[in-house]
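Structure below is run_12.tsv: TSV, C-alpha atoms.
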```tsv
chain	number	residue	atom	x	y	z
A	1	MET	CA	64.80	-24.37	-31.59
A	2	LYS	CA	61.49	-24.08	-33.38
A	3	ASN	CA	59.76	-25.80	-30.46
A	4	ASP	CA	61.26	-23.25	-28.07
A	5	GLU	CA	60.06	-20.38	-30.26
A	6	LEU	CA	56.55	-21.86	-30.42
A	7	LYS	CA	56.48	-22.23	-26.64
A	8	ALA	CA	57.62	-18.65	-26.20
A	9	LYS	CA	54.97	-17.34	-28.58
A	10	SER	CA	52.34	-19.44	-26.84
A	11	PHE	CA	53.37	-18.05	-23.46
A	12	VAL	CA	53.26	-14.46	-24.73
A	13	ALA	CA	49.85	-15.02	-26.33
A	14	GLY	CA	48.51	-16.57	-23.15
A	15	ALA	CA	49.85	-13.69	-21.09
A	16	ALA	CA	48.25	-11.24	-23.48
A	17	CYS	CA	44.87	-12.98	-23.09
A	18	GLN	CA	45.16	-12.82	-19.32
A	19	ALA	CA	46.34	-9.21	-19.21
A	20	PRO	CA	42.87	-7.62	-19.66
A	21	ASN	CA	41.49	-9.61	-16.69
A	22	VAL	CA	44.41	-8.65	-14.46
A	23	SER	CA	44.18	-5.06	-15.66
A	24	TRP	CA	40.44	-4.96	-14.92
A	25	ILE	CA	40.94	-6.28	-11.40
A	26	VAL	CA	43.72	-3.77	-10.70
A	27	THR	CA	41.57	-0.95	-12.11
A	28	TRP	CA	38.61	-2.03	-9.98
A	29	ILE	CA	40.76	-2.15	-6.83
A	30	VAL	CA	42.32	1.24	-7.51
A	31	ALA	CA	38.92	2.77	-8.31
A	32	SER	CA	37.43	1.31	-5.12
A	33	VAL	CA	40.29	2.65	-2.99
A	34	LEU	CA	39.94	6.09	-4.57
A	35	PHE	CA	36.14	6.03	-4.11
A	36	PHE	CA	36.24	5.10	-0.44
A	37	THR	CA	39.09	7.55	0.20
A	38	LEU	CA	37.11	10.30	-1.48
A	39	LEU	CA	34.03	9.27	0.47
A	40	ALA	CA	35.92	9.37	3.77
A	41	VAL	CA	37.04	12.90	2.98
A	42	VAL	CA	33.95	14.37	1.29
A	43	GLU	CA	31.20	12.86	3.49
A	44	PRO	CA	32.26	14.67	6.68
A	45	ILE	CA	32.64	17.93	4.73
A	46	TRP	CA	29.19	17.46	3.19
A	47	ARG	CA	27.60	16.89	6.59
A	48	SER	CA	29.43	19.90	8.07
A	49	LEU	CA	27.67	22.03	5.44
A	50	GLY	CA	24.30	20.92	6.81
A	51	TYR	CA	23.47	18.32	4.17
A	52	ARG	CA	21.80	15.13	5.38
A	53	PRO	CA	21.36	11.63	3.99
A	54	SER	CA	17.90	10.69	2.75
A	55	ALA	CA	16.46	7.51	1.28
A	56	VAL	CA	14.28	7.53	-1.82
A	57	ASP	CA	10.79	6.03	-1.68
A	58	SER	CA	9.46	3.71	-4.36
A	59	PRO	CA	6.62	1.21	-4.91
A	60	ALA	CA	9.11	-1.62	-4.38
A	61	LEU	CA	10.27	-0.19	-1.04
A	62	ARG	CA	6.67	0.24	0.12
A	63	LYS	CA	5.93	-3.33	-0.92
A	64	PHE	CA	9.05	-4.53	0.92
A	65	TRP	CA	7.78	-3.04	4.16
A	66	TYR	CA	4.22	-4.22	3.53
A	67	GLU	CA	5.56	-7.79	3.32
A	68	CYS	CA	7.44	-7.21	6.58
A	69	ALA	CA	4.19	-6.05	8.16
A	70	VAL	CA	2.01	-8.98	7.12
A	71	SER	CA	4.66	-11.57	8.00
A	72	GLY	CA	5.49	-10.21	11.46
A	73	GLY	CA	2.84	-11.96	13.52
A	74	SER	CA	0.79	-10.53	16.38
A	75	ARG	CA	3.60	-8.35	17.73
A	76	THR	CA	3.72	-6.14	14.69
A	77	MET	CA	2.67	-2.49	14.82
A	78	VAL	CA	1.94	-0.86	11.47
A	79	PHE	CA	1.45	2.86	10.93
A	80	ILE	CA	-0.67	3.92	7.97
A	81	GLY	CA	-1.69	7.37	6.85
A	82	ALA	CA	-0.19	10.50	5.37
A	83	SER	CA	2.75	12.75	6.16
A	84	ARG	CA	1.65	13.59	9.72
A	85	ILE	CA	1.99	10.05	10.97
A	86	GLN	CA	5.05	9.38	8.83
A	87	ALA	CA	6.86	12.35	10.41
A	88	GLY	CA	5.21	12.42	13.83
A	89	ILE	CA	5.98	8.85	14.89
A	90	SER	CA	9.58	8.07	15.83
A	91	LEU	CA	10.21	4.44	14.92
A	92	THR	CA	13.51	4.66	16.83
A	93	ALA	CA	11.64	5.55	20.03
A	94	MET	CA	9.14	2.77	19.30
A	95	ARG	CA	11.91	0.18	18.94
A	96	GLN	CA	13.67	1.37	22.08
A	97	ARG	CA	10.59	1.09	24.28
A	98	LEU	CA	8.99	-1.88	22.50
A	99	PRO	CA	11.98	-4.00	21.36
A	100	HIS	CA	9.83	-7.13	21.10
A	101	TYR	CA	7.55	-5.50	18.51
A	102	ARG	CA	8.18	-5.18	14.80
A	103	VAL	CA	7.27	-1.59	13.86
A	104	VAL	CA	6.56	-0.73	10.23
A	105	GLN	CA	5.84	2.62	8.58
A	106	LEU	CA	3.43	2.42	5.64
A	107	GLY	CA	2.42	6.09	5.68
A	108	GLN	CA	2.81	8.07	2.48
A	109	PHE	CA	4.13	11.64	2.44
A	110	SER	CA	1.75	13.98	0.58
A	111	ASP	CA	-0.07	11.17	-1.15
A	112	GLY	CA	-3.64	10.35	-0.32
A	113	ARG	CA	-5.66	8.71	2.42
A	114	PRO	CA	-5.09	5.37	4.15
A	115	ILE	CA	-8.42	3.53	4.40
A	116	GLY	CA	-7.60	1.49	1.29
A	117	VAL	CA	-4.41	0.28	3.01
A	118	LEU	CA	-6.46	-0.64	6.09
A	119	GLN	CA	-8.74	-2.71	3.87
A	120	SER	CA	-5.74	-4.37	2.20
A	121	LEU	CA	-4.41	-5.41	5.61
A	122	ALA	CA	-7.87	-6.57	6.66
A	123	ASN	CA	-8.18	-8.72	3.54
A	124	ASP	CA	-4.70	-10.23	3.96
A	125	ASP	CA	-5.05	-13.31	6.16
A	126	ARG	CA	-1.34	-13.15	7.01
A	127	PHE	CA	-1.76	-9.96	9.05
A	128	SER	CA	-2.60	-10.28	12.75
A	129	GLY	CA	-0.88	-7.26	14.28
A	130	ILE	CA	-1.81	-3.73	15.36
A	131	VAL	CA	-2.71	-1.02	12.84
A	132	VAL	CA	-2.38	2.61	13.88
A	133	CYS	CA	-4.35	4.60	11.31
A	134	ASP	CA	-3.83	8.32	10.78
A	135	THR	CA	-7.40	9.68	10.87
A	136	LEU	CA	-8.00	13.17	9.61
A	137	GLU	CA	-11.75	13.46	9.08
A	138	PRO	CA	-11.79	13.55	5.23
A	139	PHE	CA	-9.78	10.31	5.22
A	140	LEU	CA	-12.98	8.56	6.28
A	141	PHE	CA	-14.96	9.58	3.21
A	142	ARG	CA	-15.50	6.71	0.78
A	143	ALA	CA	-14.46	8.76	-2.27
A	144	TYR	CA	-10.83	8.67	-1.09
A	145	TRP	CA	-10.46	5.11	0.14
A	146	GLY	CA	-8.51	3.89	-2.88
A	147	ASP	CA	-5.83	6.60	-2.75
A	148	GLN	CA	-2.95	4.54	-1.35
A	149	ARG	CA	-3.97	1.01	-2.23
A	150	ARG	CA	-1.99	0.62	-5.47
A	151	PRO	CA	1.62	0.61	-4.12
A	152	TYR	CA	0.86	-2.31	-1.83
A	153	GLY	CA	-0.44	-4.33	-4.77
A	154	HIS	CA	2.89	-3.81	-6.53
A	155	HIS	CA	4.10	-7.11	-7.98
A	156	ALA	CA	7.86	-7.55	-8.04
A	157	PRO	CA	10.36	-10.38	-7.54
A	158	ILE	CA	11.91	-10.75	-4.10
A	159	SER	CA	15.23	-9.60	-5.55
A	160	GLU	CA	13.74	-6.24	-6.56
A	161	LEU	CA	12.26	-5.71	-3.11
A	162	GLY	CA	15.61	-6.53	-1.50
A	163	GLU	CA	17.46	-4.23	-3.88
A	164	SER	CA	15.05	-1.38	-3.09
A	165	TYR	CA	15.78	-1.73	0.62
A	166	ALA	CA	19.55	-2.04	0.07
A	167	SER	CA	19.50	1.13	-2.04
A	168	ALA	CA	17.44	2.98	0.58
A	169	TYR	CA	19.80	1.78	3.33
A	170	VAL	CA	22.89	3.10	1.52
A	171	ARG	CA	21.24	6.45	0.79
A	172	ASP	CA	20.18	6.64	4.44
A	173	LEU	CA	23.86	6.50	5.39
A	174	LEU	CA	25.48	8.87	2.89
A	175	ALA	CA	24.76	12.59	2.61
A	176	VAL	CA	26.77	12.69	-0.64
A	177	ALA	CA	24.25	10.27	-2.18
A	178	ASN	CA	21.18	12.42	-1.47
A	179	THR	CA	19.25	12.84	-4.72
A	180	LYS	CA	18.40	16.47	-3.88
A	181	THR	CA	21.51	17.75	-2.11
A	182	GLY	CA	24.14	15.06	-2.73
A	183	ILE	CA	27.39	15.78	-4.51
A	184	PHE	CA	26.08	15.04	-8.00
A	185	ALA	CA	22.77	16.90	-7.52
A	186	ALA	CA	24.52	19.89	-5.93
A	187	SER	CA	27.16	20.01	-8.67
A	188	LYS	CA	24.48	19.88	-11.36
A	189	LEU	CA	22.56	22.72	-9.69
A	190	PHE	CA	25.71	24.83	-9.35
A	191	LEU	CA	26.70	24.33	-12.98
A	192	LYS	CA	23.18	25.05	-14.21
A	193	GLN	CA	22.12	27.94	-11.94
A	194	GLY	CA	25.35	29.05	-10.31
A	195	LYS	CA	24.11	28.59	-6.75
A	196	ALA	CA	24.63	26.12	-3.94
A	197	ALA	CA	21.96	23.62	-2.94
A	198	ARG	CA	20.08	24.39	0.27
A	199	PRO	CA	19.92	21.65	2.92
A	200	ASP	CA	16.55	19.89	2.75
A	201	TYR	CA	14.39	19.93	5.87
A	202	VAL	CA	12.80	16.59	4.88
A	203	ARG	CA	14.75	13.38	5.51
A	204	MET	CA	13.45	9.88	4.87
A	205	HIS	CA	15.04	6.84	6.47
A	206	ALA	CA	15.31	3.39	4.96
A	207	ASP	CA	12.44	2.30	7.23
A	208	ARG	CA	10.32	5.00	5.50
A	209	SER	CA	9.97	7.15	8.61
A	210	ILE	CA	10.37	10.87	8.00
A	211	GLU	CA	12.27	13.50	9.98
A	212	LEU	CA	11.24	17.12	9.50
A	213	ASP	CA	13.81	19.62	10.76
A	214	PHE	CA	12.09	23.00	10.47
A	215	ARG	CA	15.28	24.82	11.48
A	216	LEU	CA	16.38	24.25	7.88
A	217	VAL	CA	13.38	26.12	6.44
A	218	ASP	CA	14.38	29.61	5.27
A	219	ASP	CA	10.92	31.20	5.47
A	220	LEU	CA	8.66	29.27	7.81
A	221	GLU	CA	5.86	31.81	7.65
A	222	ARG	CA	5.74	31.52	3.87
A	223	LEU	CA	5.63	27.71	4.16
A	224	ARG	CA	2.65	28.03	6.53
A	225	GLU	CA	0.83	30.41	4.24
A	226	MET	CA	1.38	28.30	1.13
A	227	SER	CA	0.29	25.12	2.90
A	228	LEU	CA	-2.80	26.78	4.34
A	229	ALA	CA	-3.81	28.24	0.97
A	230	SER	CA	-3.34	24.86	-0.72
A	231	PHE	CA	-5.43	23.00	1.82
A	232	ARG	CA	-8.15	25.63	1.90
A	233	MET	CA	-8.59	25.00	-1.83
A	234	ARG	CA	-8.76	21.25	-1.18
A	235	TYR	CA	-11.29	21.69	1.60
A	236	ASP	CA	-13.41	23.95	-0.59
A	237	ALA	CA	-13.47	21.19	-3.22
A	238	LEU	CA	-14.48	18.46	-0.75
A	239	VAL	CA	-17.98	17.10	-0.93
A	240	ASN	CA	-18.96	16.05	2.56
A	241	PRO	CA	-21.18	12.97	2.64
A	242	ALA	CA	-24.64	13.25	4.13
A	243	PRO	CA	-24.94	11.86	7.68
A	244	VAL	CA	-26.65	8.68	6.46
A	245	GLU	CA	-23.88	8.15	3.88
A	246	LEU	CA	-21.18	8.78	6.46
A	247	ASP	CA	-22.73	6.26	8.85
A	248	ARG	CA	-22.81	3.71	6.02
A	249	ASP	CA	-19.13	4.34	5.25
A	250	LEU	CA	-18.14	4.09	8.90
A	251	LYS	CA	-19.93	0.76	9.20
A	252	GLU	CA	-17.94	-0.56	6.24
A	253	ILE	CA	-14.73	0.62	7.89
A	254	ASN	CA	-15.88	-1.33	10.95
A	255	LEU	CA	-16.04	-4.47	8.80
A	256	ALA	CA	-12.34	-4.06	8.01
A	257	VAL	CA	-11.62	-3.54	11.70
A	258	SER	CA	-13.60	-6.68	12.59
A	259	ARG	CA	-11.65	-8.82	10.11
A	260	ILE	CA	-8.38	-7.79	11.76
A	261	GLN	CA	-9.82	-8.27	15.24
A	262	ASP	CA	-11.07	-11.74	14.31
A	263	ARG	CA	-7.45	-12.74	13.64
A	264	GLY	CA	-6.35	-11.41	17.02
A	265	GLY	CA	-5.21	-8.00	15.77
A	266	GLN	CA	-6.25	-4.47	16.69
A	267	VAL	CA	-6.96	-1.20	14.93
A	268	VAL	CA	-6.21	2.18	16.50
A	269	PHE	CA	-7.52	5.34	14.85
A	270	LEU	CA	-5.23	8.23	15.74
A	271	ARG	CA	-5.94	11.92	15.18
A	272	MET	CA	-2.48	13.48	14.80
A	273	PRO	CA	-1.75	17.01	16.10
A	274	SER	CA	-2.22	20.23	14.16
A	275	SER	CA	-2.14	23.80	15.39
A	276	GLY	CA	-2.65	27.46	14.56
A	277	ALA	CA	-4.49	28.44	11.39
A	278	ARG	CA	-4.45	24.88	10.06
A	279	LEU	CA	-6.29	23.55	13.11
A	280	GLU	CA	-8.80	26.39	12.79
A	281	LEU	CA	-9.35	25.47	9.13
A	282	GLU	CA	-9.93	21.82	9.98
A	283	GLU	CA	-12.33	22.70	12.78
A	284	GLU	CA	-14.16	25.12	10.48
A	285	TYR	CA	-14.86	22.47	7.85
A	286	HIS	CA	-15.09	19.38	10.06
A	287	PRO	CA	-15.92	20.26	13.67
A	288	LYS	CA	-14.66	17.67	16.14
A	289	ALA	CA	-18.05	17.21	17.74
A	290	LYS	CA	-19.74	16.56	14.41
A	291	TYR	CA	-17.15	14.27	12.81
A	292	TRP	CA	-14.46	12.84	15.09
A	293	ASP	CA	-16.74	12.35	18.08
A	294	ARG	CA	-19.39	10.78	15.85
A	295	PHE	CA	-16.79	8.43	14.38
A	296	ALA	CA	-15.38	7.51	17.80
A	297	ALA	CA	-18.88	6.64	19.04
A	298	ILE	CA	-19.55	4.31	16.09
A	299	SER	CA	-16.11	2.78	15.57
A	300	SER	CA	-15.30	-0.68	16.85
A	301	GLY	CA	-11.61	0.25	16.90
A	302	ILE	CA	-9.72	2.23	19.52
A	303	CYS	CA	-9.96	5.98	18.87
A	304	ILE	CA	-7.30	8.33	20.24
A	305	HIS	CA	-7.38	12.07	19.69
A	306	TRP	CA	-4.03	13.81	20.17
A	307	SER	CA	-5.60	16.23	22.67
A	308	GLU	CA	-6.23	13.27	25.00
A	309	LEU	CA	-2.53	12.43	25.35
A	310	ARG	CA	-0.40	13.70	28.20
A	311	ASN	CA	1.42	17.00	27.63
A	312	ALA	CA	-0.80	17.59	24.58
A	313	LEU	CA	-0.75	21.36	25.01
A	314	GLU	CA	3.05	21.39	24.74
A	315	TRP	CA	3.15	20.14	21.14
A	316	LYS	CA	3.32	22.74	18.44
A	317	CYS	CA	3.53	22.12	14.72
A	318	PRO	CA	6.01	24.64	13.21
A	319	ASP	CA	4.13	24.60	9.89
A	320	ASP	CA	0.79	24.17	11.73
A	321	SER	CA	0.44	20.64	10.33
A	322	HIS	CA	3.47	18.48	11.19
A	323	LEU	CA	5.55	17.80	14.27
A	324	ASP	CA	9.23	18.68	14.16
A	325	CYS	CA	11.64	15.77	14.63
A	326	SER	CA	12.50	17.22	18.05
A	327	GLU	CA	8.86	16.72	19.12
A	328	ALA	CA	8.24	13.35	17.47
A	329	VAL	CA	9.98	11.37	20.21
A	330	ALA	CA	7.93	12.97	23.00
A	331	PHE	CA	4.72	12.44	21.05
A	332	THR	CA	5.63	8.79	20.39
A	333	ASP	CA	6.36	8.23	24.08
A	334	ALA	CA	2.97	9.71	25.01
A	335	LEU	CA	1.23	7.49	22.45
A	336	ILE	CA	2.97	4.38	23.78
A	337	ASP	CA	1.83	5.25	27.30
A	338	GLU	CA	-1.76	5.70	26.10
A	339	LEU	CA	-1.70	2.41	24.19
A	340	ALA	CA	-0.41	0.68	27.32
A	341	ARG	CA	-3.12	2.34	29.44
A	342	ARG	CA	-5.72	0.97	27.03
A	343	GLN	CA	-4.05	-2.45	27.16
A	344	SER	CA	-3.34	-2.45	23.43
A	345	ILE	CA	0.33	-3.31	23.88
A	346	GLU	CA	2.47	-5.30	26.29
A	347	PHE	CA	5.84	-4.29	27.67
```

How does this structure look as structure tokens?
Amino acid sequence: MKNDELKAKSFVAGAACQAPNVSWIVTWIVASVLFFTLLAVVEPIWRSLGYRPSAVDSPALRKFWYECAVSGGSRTMVFIGASRIQAGISLTAMRQRLPHYRVVQLGQFSDGRPIGVLQSLANDDRFSGIVVCDTLEPFLFRAYWGDQRRPYGHHAPISELGESYASAYVRDLLAVANTKTGIFAASKLFLKQGKAARPDYVRMHADRSIELDFRLVDDLERLREMSLASFRMRYDALVNPAPVELDRDLKEINLAVSRIQDRGGQVVFLRMPSSGARLELEEEYHPKAKYWDRFAAISSGICIHWSELRNALEWKCPDDSHLDCSEAVAFTDALIDELARRQSIEF
């Protein structure tokens, strides 16, 4: 009898020990079902309100794509620069027309100039592909070469780089996870200020390409004016190098180009489109004949000015500085055709 009681107590105790594990599993399953059910219901509603998914950039994500660039071999095309090239190049169009190329976006929205990244690629013996470098005239001035170099020197374990891409991929799929207009961000804004979040006209994909949908901008004229005023202040503060200093700087840029060419790669310097008052400002401070044409004559890379591409007069920048996502595909197609004409790529 006592043995039976001991066995019963032992069974009950064992069951009690196992209960938390079973309970946790059941809770996890129920929570997962509720989450995905909620997601299936809320995500379509969120998108119907005009909200879009958007990935979040980080040093680890930039480093992830840098490693993809330097390990891709000769059929790798890397875009470096600022927001114009990040928004104006459609990586989807690139992949559709050049499926045998690995295309990588290393541009940085509103953050500096790219010559330091060009030098990093030139000094990395693993890289042997094509660099397309966004080339607004002040980008060439030595004082700004180090602007974007730091993120690509980011040291992190492979697991962190993989996690950064996985996180960006999920956010690229789900509008409710958008850090600016997702369900948590929108709820926080509503509780704090009593108003709904406005759909964001900027969307970043997990591949770090940017889509700008200017239809979502409430006051486009105000955006133009604010951008123009900001950049006029920046241009006023610029110290243009003397011609002899500029020639010296351009020769050093040529050394970076030569290192890539020696490994079988290529460098393309691309002047992205601008229009309206912004183009007038740029021409006022850095006339094409004095700066771009001078650079193109000295450079050992391929130099392409947007005005040389087919249908160039058809492209308009809604904010005078960036192409809308509806124009990015056409611009990318025209660039591919020009690169093919110059025998820089193979179909």

### Summary
The residue from A:Gly50, A:Pro99, A:Pro273, A:Gly162 with the smallest atom-to-atom distance to A:Ser83, counting all atoms listed in the file, is A:Pro273

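Distance annotation: of A:Ala185, A:Val239, A:Ala40, A:Ala168, the residue with the minimal separation from A:Tyr144 is A:Val239; atom set is all atoms listed in the file.
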
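Residues in contact with A:Ala166 at 12 Å, where all atoms listed in the file are counted and same-chain residues fewer than 5 positions away are skipped, are listed as Ala55, Val56, Ala60, Leu61, Phe64, Ser159, Glu160, Leu161, Arg171, Asp172, Leu173, His205, Ala206 and Asp207 of chain A.
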
### Non-local contacts of A:Glu280 (12 Å; all atoms listed in the file; under 3 positions in same chain excluded) as a PyMOL selection string
chain A and resi 228+231-232+274-277+283-288+320-321

### Task
With a distance cut-off of 10 Å and all atoms listed in the file, select the neighbouring residues of stretch 290-303 of chain A, excluding the residue or stretch itself and same-chain residues fewer than 3 positions from it, and output the selection as a PyMOL selection string.
chain A and resi 131-133+135-138+140+243+246-247+250-251+253-258+261+266-271+283+285-287+306+339+342+344

### Task
For each of A:Ser209, A:Ser54, A:Ser74, A:Ser128, take the minimum atom-to-atom distance to A:Val104, counting all atoms listed in the file, then give the residue where this is smallest.
A:Ser209

#### Entry: Non-local contacts of A:Asp213 (12 Å; all atoms listed in the file; under 3 positions in same chain excluded) as a list of chain:residue names
A:Gly50, A:Tyr51, A:Arg52, A:Ala87, A:Gly88, A:Pro199, A:Asp200, A:Tyr201, A:Val202, A:Arg203, A:Met204, A:Ile210, A:Leu216, A:Val217, A:Asp218, A:Leu220, A:Cys317, A:Pro318, A:Asp319, A:His322, A:Leu323, A:Asp324, A:Cys325, A:Ser326, A:Glu327, A:Ala328

### Task
Please measure the separation of atom CA of A:Ala289 and atom CA of A:Ala340, giving the value in Å to one decimal.
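According to the coordinates, atom CA of A:Ala289 and atom CA of A:Ala340 are separated by 26.0 Å.
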
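Of the listed residues (A:Arg102, A:Arg84, A:Arg47, A:Lys192), A:Arg102 comes nearest to A:Trp65; the distances count all atoms listed in the file.
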